[in-house]
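Q: Provided below: coords-v4.tsv, containing TSV, C-alpha atoms and all ligand atoms.
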```tsv
chain	number	residue	atom	x	y	z
A	1	MET	CA	-0.47	-30.12	-2.63
A	2	SER	CA	0.50	-31.56	-5.99
A	3	GLU	CA	-2.82	-31.67	-7.87
A	4	ALA	CA	-3.62	-28.83	-10.24
A	5	PRO	CA	-6.47	-26.48	-9.26
A	6	GLY	CA	-8.10	-27.26	-12.63
A	7	PRO	CA	-6.77	-28.04	-16.11
A	8	SER	CA	-3.48	-26.39	-17.11
A	9	ARG	CA	-4.49	-23.29	-19.08
A	10	PRO	CA	-1.76	-20.71	-19.70
A	11	GLY	CA	-3.20	-17.31	-18.85
A	12	ALA	CA	-5.95	-18.79	-16.68
A	13	LEU	CA	-7.08	-17.02	-13.53
A	14	LEU	CA	-8.71	-18.36	-10.38
A	15	GLY	CA	-12.50	-18.32	-10.14
A	16	PRO	CA	-14.74	-18.92	-7.10
A	17	ALA	CA	-14.60	-22.73	-7.40
A	18	GLU	CA	-10.79	-22.80	-7.62
A	19	ILE	CA	-10.43	-20.43	-4.67
A	20	ARG	CA	-12.65	-22.56	-2.42
A	21	ASP	CA	-10.98	-25.73	-3.63
A	22	LEU	CA	-7.45	-24.44	-2.98
A	23	ALA	CA	-8.36	-23.05	0.44
A	24	GLY	CA	-10.03	-26.34	1.36
A	25	ARG	CA	-7.06	-28.44	0.32
A	26	LEU	CA	-4.64	-26.17	2.18
A	27	ASP	CA	-6.95	-26.14	5.18
A	28	VAL	CA	-6.90	-22.33	5.08
A	29	THR	CA	-9.73	-20.61	6.91
A	30	PRO	CA	-9.36	-16.92	5.99
A	31	THR	CA	-8.45	-14.85	9.04
A	32	LYS	CA	-9.36	-11.23	9.77
A	33	LYS	CA	-6.06	-10.77	11.56
A	34	LEU	CA	-4.18	-11.23	8.27
A	35	GLY	CA	-6.83	-9.40	6.23
A	36	GLN	CA	-7.51	-12.52	4.19
A	37	ASN	CA	-10.25	-11.72	1.70
A	38	PHE	CA	-9.47	-13.42	-1.58
A	39	VAL	CA	-10.54	-12.03	-4.95
A	40	HIS	CA	-12.34	-14.53	-7.20
A	41	ASP	CA	-13.31	-12.32	-10.10
A	42	ALA	CA	-11.18	-12.26	-13.26
A	43	ASN	CA	-12.54	-8.88	-14.43
A	44	THR	CA	-11.46	-7.23	-11.20
A	45	VAL	CA	-8.02	-8.81	-11.43
A	46	ARG	CA	-7.51	-7.63	-15.02
A	47	ARG	CA	-8.81	-4.18	-14.14
A	48	ILE	CA	-6.22	-3.88	-11.34
A	49	VAL	CA	-3.41	-5.08	-13.61
A	50	ALA	CA	-4.39	-2.61	-16.36
A	51	ALA	CA	-4.79	0.31	-13.95
A	52	GLY	CA	-1.38	-0.52	-12.49
A	53	GLY	CA	0.23	-0.10	-15.92
A	54	VAL	CA	1.83	-3.54	-15.67
A	55	HIS	CA	3.64	-4.70	-18.83
A	56	ALA	CA	6.05	-7.44	-19.85
A	57	ASP	CA	9.14	-5.44	-18.81
A	58	ALA	CA	7.78	-4.56	-15.37
A	59	ILE	CA	9.17	-6.02	-12.17
A	60	VAL	CA	6.19	-6.12	-9.85
A	61	LEU	CA	6.27	-6.35	-6.08
A	62	GLU	CA	3.02	-7.91	-4.87
A	63	VAL	CA	2.24	-7.86	-1.16
A	64	GLY	CA	0.02	-10.64	0.12
A	65	PRO	CA	-0.53	-12.83	-2.97
A	66	GLY	CA	-2.76	-15.16	-0.94
A	67	LEU	CA	-4.04	-17.99	-3.14
A	68	GLY	CA	-2.72	-16.28	-6.28
A	69	SER	CA	-5.74	-14.49	-7.80
A	70	LEU	CA	-3.95	-11.23	-8.56
A	71	THR	CA	-0.56	-12.90	-9.00
A	72	LEU	CA	-1.84	-14.83	-12.03
A	73	GLY	CA	-3.20	-11.61	-13.55
A	74	LEU	CA	0.22	-10.04	-13.11
A	75	THR	CA	2.22	-12.98	-14.47
A	76	GLU	CA	-0.01	-13.38	-17.53
A	77	THR	CA	1.28	-9.99	-18.78
A	78	GLY	CA	4.79	-11.47	-18.88
A	79	ALA	CA	5.94	-9.28	-15.99
A	80	ASP	CA	8.46	-10.55	-13.46
A	81	VAL	CA	6.59	-10.88	-10.15
A	82	LEU	CA	8.07	-10.83	-6.65
A	83	ALA	CA	5.36	-11.90	-4.23
A	84	VAL	CA	5.76	-11.38	-0.47
A	85	GLU	CA	3.41	-13.43	1.70
A	86	ILE	CA	3.39	-13.74	5.50
A	87	ASP	CA	1.28	-16.92	5.68
A	88	ARG	CA	3.61	-19.89	5.23
A	89	ARG	CA	0.97	-22.24	3.80
A	90	LEU	CA	0.01	-19.72	1.12
A	91	ALA	CA	3.64	-18.83	0.31
A	92	THR	CA	4.53	-22.51	-0.07
A	93	GLN	CA	1.60	-23.35	-2.34
A	94	LEU	CA	1.76	-20.31	-4.63
A	95	PRO	CA	4.62	-21.41	-6.96
A	96	ASP	CA	2.80	-24.72	-7.65
A	97	THR	CA	-0.53	-23.03	-8.37
A	98	VAL	CA	1.04	-20.55	-10.76
A	99	ARG	CA	3.25	-23.13	-12.49
A	100	MET	CA	0.27	-25.39	-13.11
A	101	LEU	CA	-1.88	-22.67	-14.66
A	102	GLN	CA	0.86	-20.63	-16.34
A	103	PRO	CA	3.99	-22.76	-16.86
A	104	GLU	CA	5.90	-19.81	-18.39
A	105	ALA	CA	5.18	-17.42	-15.52
A	106	ARG	CA	8.07	-15.49	-13.99
A	107	LEU	CA	7.37	-15.60	-10.26
A	108	ARG	CA	9.47	-15.59	-7.13
A	109	VAL	CA	7.84	-15.90	-3.73
A	110	VAL	CA	9.28	-14.53	-0.50
A	111	HIS	CA	7.80	-15.82	2.75
A	112	GLN	CA	7.99	-12.75	4.94
A	113	ASP	CA	6.19	-9.92	6.70
A	114	ALA	CA	6.04	-7.00	4.24
A	115	LEU	CA	6.32	-4.60	7.19
A	116	THR	CA	9.92	-5.67	7.74
A	117	LEU	CA	10.88	-6.43	4.14
A	118	ARG	CA	14.34	-5.15	3.10
A	119	ALA	CA	16.01	-5.04	-0.32
A	120	GLY	CA	18.28	-7.91	0.79
A	121	ASP	CA	15.24	-10.17	1.33
A	122	LEU	CA	14.43	-10.12	-2.38
A	123	PRO	CA	16.28	-12.35	-4.83
A	124	ALA	CA	19.69	-10.86	-5.67
A	125	GLY	CA	19.49	-7.88	-8.02
A	126	ALA	CA	15.68	-7.74	-8.05
A	127	ARG	CA	14.61	-4.11	-8.22
A	128	PRO	CA	10.84	-3.71	-8.38
A	129	THR	CA	9.46	-1.04	-10.72
A	130	HIS	CA	5.79	-1.45	-9.74
A	131	LEU	CA	3.88	-2.23	-6.56
A	132	VAL	CA	0.52	-3.88	-7.19
A	133	ALA	CA	-1.44	-5.46	-4.37
A	134	ASN	CA	-4.73	-6.22	-2.78
A	135	LEU	CA	-3.33	-5.12	0.57
A	136	PRO	CA	-4.15	-6.64	3.95
A	137	TYR	CA	-6.49	-3.89	5.17
A	138	ASN	CA	-5.37	-3.67	8.78
A	139	VAL	CA	-1.78	-2.77	7.82
A	140	SER	CA	-2.13	-1.11	4.43
A	141	VAL	CA	-0.83	2.36	5.38
A	142	PRO	CA	2.19	1.09	7.40
A	143	VAL	CA	3.04	-1.32	4.57
A	144	LEU	CA	2.99	1.50	2.00
A	145	LEU	CA	4.96	3.89	4.20
A	146	HIS	CA	7.55	1.17	4.75
A	147	LEU	CA	7.86	-0.09	1.16
A	148	LEU	CA	7.99	3.24	-0.70
A	149	PRO	CA	11.21	4.42	0.99
A	150	THR	CA	12.69	0.90	1.13
A	151	PHE	CA	12.28	0.36	-2.64
A	152	PRO	CA	12.93	3.70	-4.35
A	153	THR	CA	12.89	1.98	-7.75
A	154	ILE	CA	9.10	1.57	-7.43
A	155	GLY	CA	7.83	4.39	-9.63
A	156	ARG	CA	4.22	3.36	-9.83
A	157	ALA	CA	1.72	1.57	-7.59
A	158	LEU	CA	-1.86	0.40	-7.74
A	159	VAL	CA	-3.30	-0.94	-4.52
A	160	MET	CA	-6.69	-2.08	-3.37
A	161	VAL	CA	-7.46	-0.84	0.14
A	162	GLN	CA	-10.38	-0.23	2.44
A	163	ALA	CA	-12.35	2.71	0.95
A	164	GLU	CA	-11.89	4.90	4.01
A	165	VAL	CA	-8.11	4.46	3.81
A	166	GLY	CA	-8.03	5.02	0.05
A	167	TYR	CA	-9.90	8.33	0.32
A	168	ARG	CA	-7.54	9.37	3.09
A	169	LEU	CA	-4.44	8.57	1.02
A	170	ALA	CA	-5.76	10.57	-1.93
A	171	ALA	CA	-7.21	13.47	0.11
A	172	ASP	CA	-6.30	17.13	-0.42
A	173	PRO	CA	-5.81	19.64	2.41
A	174	GLY	CA	-9.05	21.01	3.78
A	175	SER	CA	-10.94	17.77	3.18
A	176	LYS	CA	-12.51	16.07	6.22
A	177	VAL	CA	-10.52	12.89	5.68
A	178	TYR	CA	-7.16	14.62	5.14
A	179	GLY	CA	-4.83	13.40	7.87
A	180	SER	CA	-1.35	12.29	8.73
A	181	PRO	CA	-1.34	9.37	6.20
A	182	SER	CA	-2.34	11.83	3.43
A	183	VAL	CA	0.63	14.12	4.11
A	184	LYS	CA	3.11	11.30	4.63
A	185	ALA	CA	1.99	9.51	1.48
A	186	ALA	CA	2.26	12.78	-0.48
A	187	TRP	CA	5.92	12.99	0.54
A	188	TYR	CA	6.62	10.15	-1.91
A	189	GLY	CA	4.33	11.05	-4.80
A	190	SER	CA	0.81	11.72	-6.00
A	191	TRP	CA	-2.22	9.55	-5.26
A	192	ARG	CA	-5.58	9.23	-6.95
A	193	ILE	CA	-8.68	7.10	-6.54
A	194	ALA	CA	-8.71	4.71	-9.51
A	195	GLY	CA	-12.11	3.12	-8.96
A	196	GLN	CA	-14.43	1.30	-6.61
A	197	VAL	CA	-14.68	-2.44	-6.12
A	198	SER	CA	-17.77	-4.45	-5.22
A	199	ARG	CA	-17.72	-6.45	-1.98
A	200	GLN	CA	-19.01	-9.41	-3.98
A	201	VAL	CA	-15.67	-10.05	-5.73
A	202	PHE	CA	-14.17	-11.31	-2.45
A	203	TRP	CA	-14.34	-14.51	-0.50
A	204	PRO	CA	-15.21	-14.12	2.27
A	205	VAL	CA	-17.29	-10.99	1.56
A	206	PRO	CA	-15.76	-8.19	3.68
A	207	ASN	CA	-17.85	-5.87	5.84
A	208	VAL	CA	-16.13	-2.76	4.44
A	209	ASP	CA	-16.01	-1.14	0.99
A	210	SER	CA	-12.89	-1.19	-1.16
A	211	VAL	CA	-11.29	1.18	-3.64
A	212	LEU	CA	-8.34	1.11	-6.00
A	213	VAL	CA	-5.70	3.78	-5.42
A	214	GLY	CA	-3.04	4.74	-7.93
A	215	PHE	CA	0.34	6.23	-7.07
A	216	GLU	CA	3.05	7.92	-9.12
A	217	ARG	CA	6.34	8.72	-7.50
A	218	HIS	CA	7.89	12.15	-7.67
A	219	GLU	CA	11.18	13.32	-6.30
A	220	GLU	CA	11.09	13.50	-2.50
A	221	PRO	CA	11.23	17.04	-1.11
A	222	GLY	CA	14.28	16.32	1.04
A	223	ASP	CA	16.62	13.82	2.63
A	224	GLU	CA	15.99	11.34	5.45
A	225	THR	CA	16.73	13.88	8.21
A	226	LEU	CA	14.18	16.29	6.79
A	227	ARG	CA	11.66	13.48	6.23
A	228	ALA	CA	11.92	12.40	9.88
A	229	GLN	CA	11.47	16.01	11.05
A	230	VAL	CA	8.50	16.59	8.75
A	231	PHE	CA	6.78	13.35	9.81
A	232	ALA	CA	7.24	14.29	13.52
A	233	LEU	CA	5.60	17.66	12.84
A	234	VAL	CA	2.78	15.98	10.94
A	235	ASP	CA	2.16	13.51	13.78
A	236	ALA	CA	2.02	16.33	16.34
A	237	ALA	CA	-0.23	18.52	14.17
A	238	PHE	CA	-2.78	15.75	13.60
A	239	GLN	CA	-2.73	14.36	17.14
A	240	GLN	CA	-4.67	17.48	18.07
A	241	ARG	CA	-6.18	18.27	14.68
A	242	ARG	CA	-8.82	20.70	15.96
A	243	LYS	CA	-6.19	22.89	17.60
A	244	MET	CA	-4.32	25.76	15.99
A	245	LEU	CA	-0.79	24.87	14.93
A	246	ARG	CA	0.81	27.18	17.46
A	247	GLN	CA	-0.82	24.98	20.12
A	248	SER	CA	-0.57	21.53	18.57
A	249	LEU	CA	3.13	22.04	17.80
A	250	SER	CA	4.04	23.79	21.05
A	251	ALA	CA	5.40	20.69	22.81
A	252	LEU	CA	7.66	19.95	19.83
A	253	LEU	CA	8.82	23.53	19.20
A	254	GLY	CA	9.58	24.87	22.67
A	255	GLY	CA	6.23	26.32	23.66
A	256	SER	CA	3.59	28.24	21.80
A	257	ALA	CA	5.84	31.29	21.21
A	258	GLY	CA	8.54	29.07	19.71
A	259	ALA	CA	5.94	27.35	17.52
A	260	SER	CA	4.54	30.71	16.36
A	261	ASP	CA	8.03	31.93	15.45
A	262	ALA	CA	8.87	28.82	13.44
A	263	LEU	CA	5.51	28.92	11.66
A	264	THR	CA	5.81	32.61	10.81
A	265	ALA	CA	9.37	32.13	9.57
A	266	SER	CA	7.99	29.42	7.26
A	267	ASP	CA	5.20	31.67	5.88
A	268	ILE	CA	2.50	29.74	7.71
A	269	GLU	CA	-0.18	31.44	9.80
A	270	PRO	CA	0.19	30.12	13.40
A	271	THR	CA	-3.60	30.12	13.74
A	272	LEU	CA	-4.09	27.57	10.96
A	273	ARG	CA	-4.73	23.89	11.72
A	274	GLY	CA	-2.69	20.96	10.45
A	275	GLU	CA	-5.47	19.85	8.12
A	276	GLN	CA	-4.98	23.07	6.10
A	277	LEU	CA	-1.30	22.46	5.30
A	278	THR	CA	0.12	20.78	2.22
A	279	VAL	CA	3.18	18.54	2.35
A	280	ASP	CA	5.15	21.50	0.93
A	281	ASP	CA	4.04	23.67	3.88
A	282	PHE	CA	5.11	21.00	6.36
A	283	THR	CA	8.39	20.65	4.48
A	284	ARG	CA	9.13	24.39	4.71
A	285	LEU	CA	8.39	24.24	8.42
A	286	GLY	CA	10.67	21.21	8.79
A	287	ARG	CA	13.53	23.09	7.11
A	288	THR	CA	13.03	26.05	9.42
A	289	VAL	CA	13.10	23.82	12.49
A	290	LEU	CA	16.23	21.97	11.36
A	291	ALA	CA	18.02	25.20	10.47
A	292	ALA	CA	17.35	26.53	13.98
A	293	ALA	CA	18.50	23.35	15.74
A	301	LIG	N1	-3.82	-11.02	-3.29
A	301	LIG	C1	-4.80	-11.97	-2.83
A	301	LIG	C2	-6.12	-11.73	-3.52
A	301	LIG	O1	-6.29	-10.65	-4.10
A	301	LIG	O2	-6.96	-12.62	-3.48
A	301	LIG	C3	-4.98	-11.92	-1.31
A	301	LIG	C4	-5.25	-10.57	-0.72
A	301	LIG	S1	-5.71	-10.59	0.99
A	301	LIG	C5	-6.66	-9.09	1.06
A	301	LIG	C6	-4.24	-10.10	1.87
A	301	LIG	C7	-3.08	-11.09	1.85
A	301	LIG	O3	-1.98	-10.49	2.55
A	301	LIG	C8	-3.32	-12.42	2.51
A	301	LIG	O4	-2.83	-13.44	1.68
A	301	LIG	C9	-2.51	-12.36	3.82
A	301	LIG	O5	-2.07	-13.61	4.26
A	301	LIG	C10	-1.38	-11.46	3.39
A	301	LIG	N2	-0.73	-10.68	4.48
A	301	LIG	C11	-1.31	-10.18	5.59
A	301	LIG	N3	-0.43	-9.47	6.32
A	301	LIG	C12	0.74	-9.50	5.63
A	301	LIG	C13	2.03	-8.95	5.85
A	301	LIG	N4	2.28	-8.19	6.94
A	301	LIG	N5	3.01	-9.20	4.95
A	301	LIG	C14	2.77	-9.96	3.85
A	301	LIG	N6	1.56	-10.51	3.58
A	301	LIG	C15	0.55	-10.28	4.44
```
Using the file provided, produce a representation of the structure as structure tokens.
A:
Amino acid sequence: MSEAPGPSRPGALLGPAEIRDLAGRLDVTPTKKLGQNFVHDANTVRRIVAAGGVHADAIVLEVGPGLGSLTLGLTETGADVLAVEIDRRLATQLPDTVRMLQPEARLRVVHQDALTLRAGDLPAGARPTHLVANLPYNVSVPVLLHLLPTFPTIGRALVMVQAEVGYRLAADPGSKVYGSPSVKAAWYGSWRIAGQVSRQVFWPVPNVDSVLVGFERHEEPGDETLRAQVFALVDAAFQQRRKMLRQSLSALLGGSAGASDALTASDIEPTLRGEQLTVDDFTRLGRTVLAAA
């Protein structure tokens, strides 16, 4: 496509008419499989950019730029944006759309699946400082758990996700929605709900609610060996979340007596359930298990 999606206006964002027009010209029918719900509301875009703390010196990794709604909000701050899009038609069109509306924008597009993205797939030397995305909802947790360890220079993130997933990411132990994604996400940093988003800002309108979730990285509690051990314990504990830990971890720790010993040695009551443990508790347990191996 060579025609501009409207007059060239530096700093302009995409509205409902531009979104429909672009999708029509690209012959894109949004698919559920790729979580394609496009934002057409400038206020929402600017709210996400502000909540993400994006500034002119930021290097932003955006997953799933789609037609460019959020991308244009990011580039208008002057930030350097690295956009990773799996849909070839969208990835091919994006540089043209952004150049036409914001000729000065600093944008590089990578046509790839974010789930397999590696540092070497980004332009040479590009080290993202921020992750800001309206994530494809069906893969949002795996994408986050892949990108946070792959790009340790990302210190801050702001993502829009399905509400249920957002509350899970930000949940504290003891809460009903606290689960394996909550503990794994907490390995990398702290998470908070940063606001709710109306279904009406999307095209097509999704049949789920959305929230914004903010992330700030902290130092990881241990190395890759410990992380793998801790995540295996977390998976086992939450596979049978109603069971006491001495039962849910018995297969992994050599029977229920072995599990009780490891738990006790880590200052954890064997009768607790996984949903009552913090990431620090799981980490202590992981150290105990590795030390005994
Ligand atoms: N950022 C745009 C917006 O706010 O309007 C689009 C967001 S839409 C919810 C999700 C986008 O992620 C789509 O453009 C979709 O093609 C893309 N996508 C889906 N799965 C992906 C993956 N595994 N890797 C990269 N992009 C993906």
Q: Please determine, counting all atoms listed in the file, which residue among A:Arg127, A:Arg227, A:His111, A:His55 has the shortest atom-to-atom distance to ligand LIG 301 (chain A).
A: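 Closest to ligand LIG 301 (chain A), using all atoms listed in the file: A:His111.
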Q: Please, which residues have at least one atom within 7 Å of an atom of ligand LIG 301 (chain A), using all atoms listed in the file, listed as an NGL selection string?
A: :A and (34-40 or 63-71 or 84-87 or 90 or 112-115 or 133-137 or 139)
Q: Using all atoms listed in the file, which of the listed residues (A:Arg199, A:His218, A:Arg246, A:Arg273) sits closest to Thr44 in chain A?
A: A:Arg199
Q: Counting only C-alpha atoms, which residue out of A:Gly73, A:Gly174, A:Ser250, A:Leu263 sits closest to Ile48 in chain A?
A: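 Counting only C-alpha atoms, the residue closest to Ile48 in chain A is A:Gly73.
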Q: Give me the box for range 241-254 of chain A as AutoDock Vina command-line options, namely the centre and edge lengths in Å to one decimal of a box along x, y and z that holds every listed atom plus 5 Å on each side.
A:
```
--center_x 0.4 --center_y 22.7 --center_z 18.7 --size_x 28.4 --size_y 18.9 --size_z 18.1
```
